[in-house]
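Trainee: Input structure: model05.cif, which contains mmCIF, C-alpha atoms.
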```
data_target
loop_
_atom_site.group_PDB
_atom_site.id
_atom_site.type_symbol
_atom_site.label_atom_id
_atom_site.label_comp_id
_atom_site.auth_asym_id
_atom_site.auth_seq_id
_atom_site.Cartn_x
_atom_site.Cartn_y
_atom_site.Cartn_z
ATOM 1 C CA MET A 1 144.801 258.742 208.939
ATOM 2 C CA LEU A 2 142.256 260.926 207.233
ATOM 3 C CA ILE A 3 142.644 262.178 203.717
ATOM 4 C CA SER A 4 140.812 265.410 203.214
ATOM 5 C CA SER A 5 139.510 266.357 199.833
ATOM 6 C CA GLY A 6 137.465 269.504 200.066
ATOM 7 C CA HIS A 7 134.603 268.767 202.406
ATOM 8 C CA LEU A 8 134.963 264.919 202.271
ATOM 9 C CA ALA A 9 137.118 263.053 204.729
ATOM 10 C CA ILE A 10 137.976 259.483 203.705
ATOM 11 C CA GLU A 11 139.729 257.054 206.062
ATOM 12 C CA ARG A 12 142.565 255.106 204.481
ATOM 13 C CA PRO A 13 141.461 251.590 203.655
ATOM 14 C CA PHE A 14 143.450 248.662 205.051
ATOM 15 C CA LYS A 15 144.550 250.626 208.097
ATOM 16 C CA TYR A 16 145.012 247.419 210.077
ATOM 17 C CA ALA A 17 145.939 245.149 207.173
ATOM 18 C CA LYS A 18 149.516 244.481 208.330
ATOM 19 C CA THR A 19 148.366 243.545 211.813
ATOM 20 C CA ILE A 20 145.610 241.273 210.541
ATOM 21 C CA ILE A 21 147.898 239.560 208.027
ATOM 22 C CA THR A 22 150.561 239.026 210.696
ATOM 23 C CA LEU A 23 148.035 237.510 213.108
ATOM 24 C CA LEU A 24 146.616 235.221 210.429
ATOM 25 C CA PHE A 25 150.102 234.088 209.445
ATOM 26 C CA LEU A 26 150.948 233.265 213.077
ATOM 27 C CA ILE A 27 147.706 231.347 213.533
ATOM 28 C CA ILE A 28 148.332 229.315 210.387
ATOM 29 C CA LEU A 29 151.959 228.678 211.314
ATOM 30 C CA THR A 30 151.140 227.481 214.829
ATOM 31 C CA GLY A 31 148.352 225.284 213.477
ATOM 32 C CA CYS A 32 150.912 223.147 211.685
ATOM 33 C CA ALA A 33 152.977 220.320 213.105
ATOM 34 C CA THR A 34 150.341 218.757 215.349
ATOM 35 C CA PRO A 35 151.780 215.374 216.448
ATOM 36 C CA THR A 36 153.346 215.125 219.895
ATOM 37 C CA VAL A 37 157.043 214.284 219.984
ATOM 38 C CA VAL A 38 157.694 212.398 223.232
ATOM 39 C CA ASN A 39 160.929 212.208 225.189
ATOM 40 C CA VAL A 40 162.527 208.817 224.614
ATOM 41 C CA ILE A 41 163.857 208.530 228.166
ATOM 42 C CA GLY A 42 161.874 209.909 231.074
ATOM 43 C CA PRO A 43 163.568 211.064 234.287
ATOM 44 C CA ASN A 44 161.779 208.463 236.439
ATOM 45 C CA ASP A 45 161.600 205.537 234.021
ATOM 46 C CA ASN A 46 163.873 203.345 236.184
ATOM 47 C CA LYS A 47 161.582 203.836 239.188
ATOM 48 C CA LEU A 48 158.389 202.717 237.393
ATOM 49 C CA THR A 49 156.704 199.463 238.345
ATOM 50 C CA CYS A 50 155.885 196.803 235.754
ATOM 51 C CA GLU A 51 152.282 198.010 235.572
ATOM 52 C CA GLU A 52 153.361 201.636 235.164
ATOM 53 C CA LEU A 53 155.824 200.631 232.431
ATOM 54 C CA SER A 54 153.010 198.881 230.568
ATOM 55 C CA LYS A 55 150.859 202.009 230.820
ATOM 56 C CA GLU A 56 153.729 204.162 229.532
ATOM 57 C CA ILE A 57 154.201 201.775 226.596
ATOM 58 C CA GLU A 58 150.491 202.110 225.779
ATOM 59 C CA ILE A 59 150.815 205.908 225.856
ATOM 60 C CA ALA A 60 153.884 205.827 223.589
ATOM 61 C CA ASN A 61 152.049 203.554 221.141
ATOM 62 C CA LYS A 62 149.033 205.891 221.223
ATOM 63 C CA TYR A 63 151.268 208.827 220.273
ATOM 64 C CA ALA A 64 152.788 206.794 217.426
ATOM 65 C CA ASN A 65 149.307 205.933 216.130
ATOM 66 C CA GLU A 66 148.171 209.564 216.351
ATOM 67 C CA ALA A 67 151.250 210.637 214.418
ATOM 68 C CA GLN A 68 150.542 208.040 211.719
ATOM 69 C CA GLU A 69 146.984 209.376 211.449
ATOM 70 C CA ALA A 70 148.315 212.925 211.045
ATOM 71 C CA LYS A 71 150.477 211.674 208.187
ATOM 72 C CA LYS A 72 147.460 210.823 206.021
ATOM 73 C CA MET A 73 147.039 213.457 203.343
ATOM 74 C CA SER A 74 143.265 213.028 203.489
ATOM 75 C CA SER A 75 143.098 214.426 207.026
ATOM 76 C CA PRO A 76 141.390 217.835 207.263
ATOM 77 C CA HIS A 77 144.498 219.381 208.798
ATOM 78 C CA ASN A 78 146.710 218.365 205.867
ATOM 79 C CA ILE A 79 144.142 219.413 203.269
ATOM 80 C CA GLY A 80 143.973 222.843 204.923
ATOM 81 C CA ALA A 81 147.763 223.052 205.021
ATOM 82 C CA ILE A 82 148.014 222.238 201.326
ATOM 83 C CA LEU A 83 145.299 224.695 200.337
ATOM 84 C CA PHE A 84 146.289 227.633 202.504
ATOM 85 C CA PHE A 85 149.890 227.194 203.593
ATOM 86 C CA LEU A 86 151.869 224.670 201.557
ATOM 87 C CA PRO A 87 155.085 224.910 203.626
ATOM 88 C CA GLY A 88 152.947 223.942 206.624
ATOM 89 C CA ALA A 89 152.290 220.547 205.055
ATOM 90 C CA GLY A 90 156.030 219.953 204.811
ATOM 91 C CA VAL A 91 156.577 221.010 208.420
ATOM 92 C CA THR A 92 153.794 218.675 209.539
ATOM 93 C CA MET A 93 155.272 215.711 207.640
ATOM 94 C CA LYS A 94 158.704 216.333 209.175
ATOM 95 C CA ASN A 95 157.165 216.574 212.638
ATOM 96 C CA VAL A 96 155.175 213.383 212.031
ATOM 97 C CA GLU A 97 158.355 211.451 211.254
ATOM 98 C CA GLU A 98 160.044 212.793 214.398
ATOM 99 C CA ALA A 99 156.993 211.886 216.499
ATOM 100 C CA VAL A 100 156.788 208.335 215.129
ATOM 101 C CA ILE A 101 160.499 207.674 215.641
ATOM 102 C CA ALA A 102 160.474 209.117 219.179
ATOM 103 C CA ALA A 103 157.375 207.116 220.183
ATOM 104 C CA LYS A 104 158.830 203.868 218.823
ATOM 105 C CA GLU A 105 162.162 204.485 220.562
ATOM 106 C CA ARG A 106 160.341 205.259 223.826
ATOM 107 C CA SER A 107 158.356 202.048 223.564
ATOM 108 C CA LEU A 108 161.544 200.080 222.885
ATOM 109 C CA HIS A 109 163.308 201.742 225.846
ATOM 110 C CA LEU A 110 160.411 200.910 228.175
ATOM 111 C CA ASN A 111 160.274 197.306 226.956
ATOM 112 C CA LYS A 112 163.984 196.921 227.742
ATOM 113 C CA LEU A 113 163.322 198.217 231.254
ATOM 114 C CA LYS A 114 160.516 195.693 231.641
ATOM 115 C CA GLU A 115 162.889 192.893 230.627
ATOM 116 C CA LYS A 116 165.501 194.086 233.142
ATOM 117 C CA LYS A 117 162.888 194.051 235.890
ATOM 118 C CA GLY A 118 161.658 190.605 234.848
ATOM 119 C CA CYS A 119 158.128 191.738 234.064
#
```
Would you give me this structure, written as structure tokens?
Mentor:
Amino acid sequence: MLISSGHLAIERPFKYAKTIITLLFLIILTGCATPTVVNVIGPNDNKLTCEELSKEIEIANKYANEAQEAKKMSSPHNIGAILFFLPGAGVTMKNVEEAVIAAKERSLHLNKLKEKKGC
């Protein structure tokens, strides 16, 4: 929109401010809650061989370790969340707990399957 004052035409500042703020908010919001929350029971878990079960246990443990790393407040992600979007730090911590619990339960589930199969 142009505001005309005599012979000067001045464009309104912050014409796209709402759009830019909305995009920045969405980027910040989606940047939170990084750890992966795994499914405890997979659809084909019963069909896995002993070797495949061991690999799946390693993957579940890797996800648990990554989630524990994300929990550290000294990580760059958490520092950014605290500085720029404090609720994001809370969302991340909640997601970390869910990820750790799910990964541990998956590992336990897979170990039980290994025992059943006599691995």
Trainee: Might you pull out every residue within 12 Å of Ala64 of chain A, with all atoms listed in the file counted and same-chain residues fewer than 6 positions away left off, and present them as an mmCIF file with C-alpha atoms, keeping the file's coordinate frame?
Mentor:
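Generated output (result-v9.cif):
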```
data_model
loop_
_atom_site.group_PDB
_atom_site.id
_atom_site.type_symbol
_atom_site.label_atom_id
_atom_site.label_comp_id
_atom_site.auth_asym_id
_atom_site.auth_seq_id
_atom_site.Cartn_x
_atom_site.Cartn_y
_atom_site.Cartn_z
ATOM 1 C CA PRO A 35 151.780 215.374 216.448
ATOM 2 C CA THR A 36 153.346 215.125 219.895
ATOM 3 C CA VAL A 37 157.043 214.284 219.984
ATOM 4 C CA VAL A 38 157.694 212.398 223.232
ATOM 5 C CA ILE A 57 154.201 201.775 226.596
ATOM 6 C CA GLU A 58 150.491 202.110 225.779
ATOM 7 C CA ALA A 70 148.315 212.925 211.045
ATOM 8 C CA LYS A 71 150.477 211.674 208.187
ATOM 9 C CA ASN A 95 157.165 216.574 212.638
ATOM 10 C CA VAL A 96 155.175 213.383 212.031
ATOM 11 C CA GLU A 97 158.355 211.451 211.254
ATOM 12 C CA GLU A 98 160.044 212.793 214.398
ATOM 13 C CA ALA A 99 156.993 211.886 216.499
ATOM 14 C CA VAL A 100 156.788 208.335 215.129
ATOM 15 C CA ILE A 101 160.499 207.674 215.641
ATOM 16 C CA ALA A 102 160.474 209.117 219.179
ATOM 17 C CA ALA A 103 157.375 207.116 220.183
ATOM 18 C CA LYS A 104 158.830 203.868 218.823
ATOM 19 C CA GLU A 105 162.162 204.485 220.562
ATOM 20 C CA ARG A 106 160.341 205.259 223.826
ATOM 21 C CA SER A 107 158.356 202.048 223.564
#
```
Trainee: What is the distance between atom CA of Gly42 of chain A and atom CA of Gln68 of chain A, in Å to one decimal?
Mentor: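 Interatomic distance here is 22.5 Å.
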Trainee: List every protein, DNA or RNA residue that has an atom no more than 12 Å from (159.7, 199.2, 225.2) in the file's coordinate frame, counting all atoms listed in the file, and report them as a list in words.
Mentor: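 Neighbouring residues, ordered by chain and number, come to Val40, Ile41, Asp45, Cys50, Leu53, Ser54, Lys55, Glu56, Ile57, Glu58, Ile59, Ala60, Asn61, Ala102, Ala103, Lys104, Glu105, Arg106, Ser107, Leu108, His109, Leu110, Asn111, Lys112, Leu113, Lys114, Glu115, Lys116 and Cys119 of chain A.
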Trainee: Could you check how far atom CA of Lys62 of chain A sits from atom CA of Gly118 of chain A, in Å to one decimal?
Mentor: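 Separation between atom CA of Lys62 of chain A and atom CA of Gly118 of chain A: 24.1 Å.
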Trainee: Which distance in Å separates atom CA of Lys117 of chain A and atom CA of Glu66 of chain A, to one decimal?
Mentor: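 Computing the Euclidean distance for atom CA of Lys117 of chain A and atom CA of Glu66 of chain A yields 29.0 Å.
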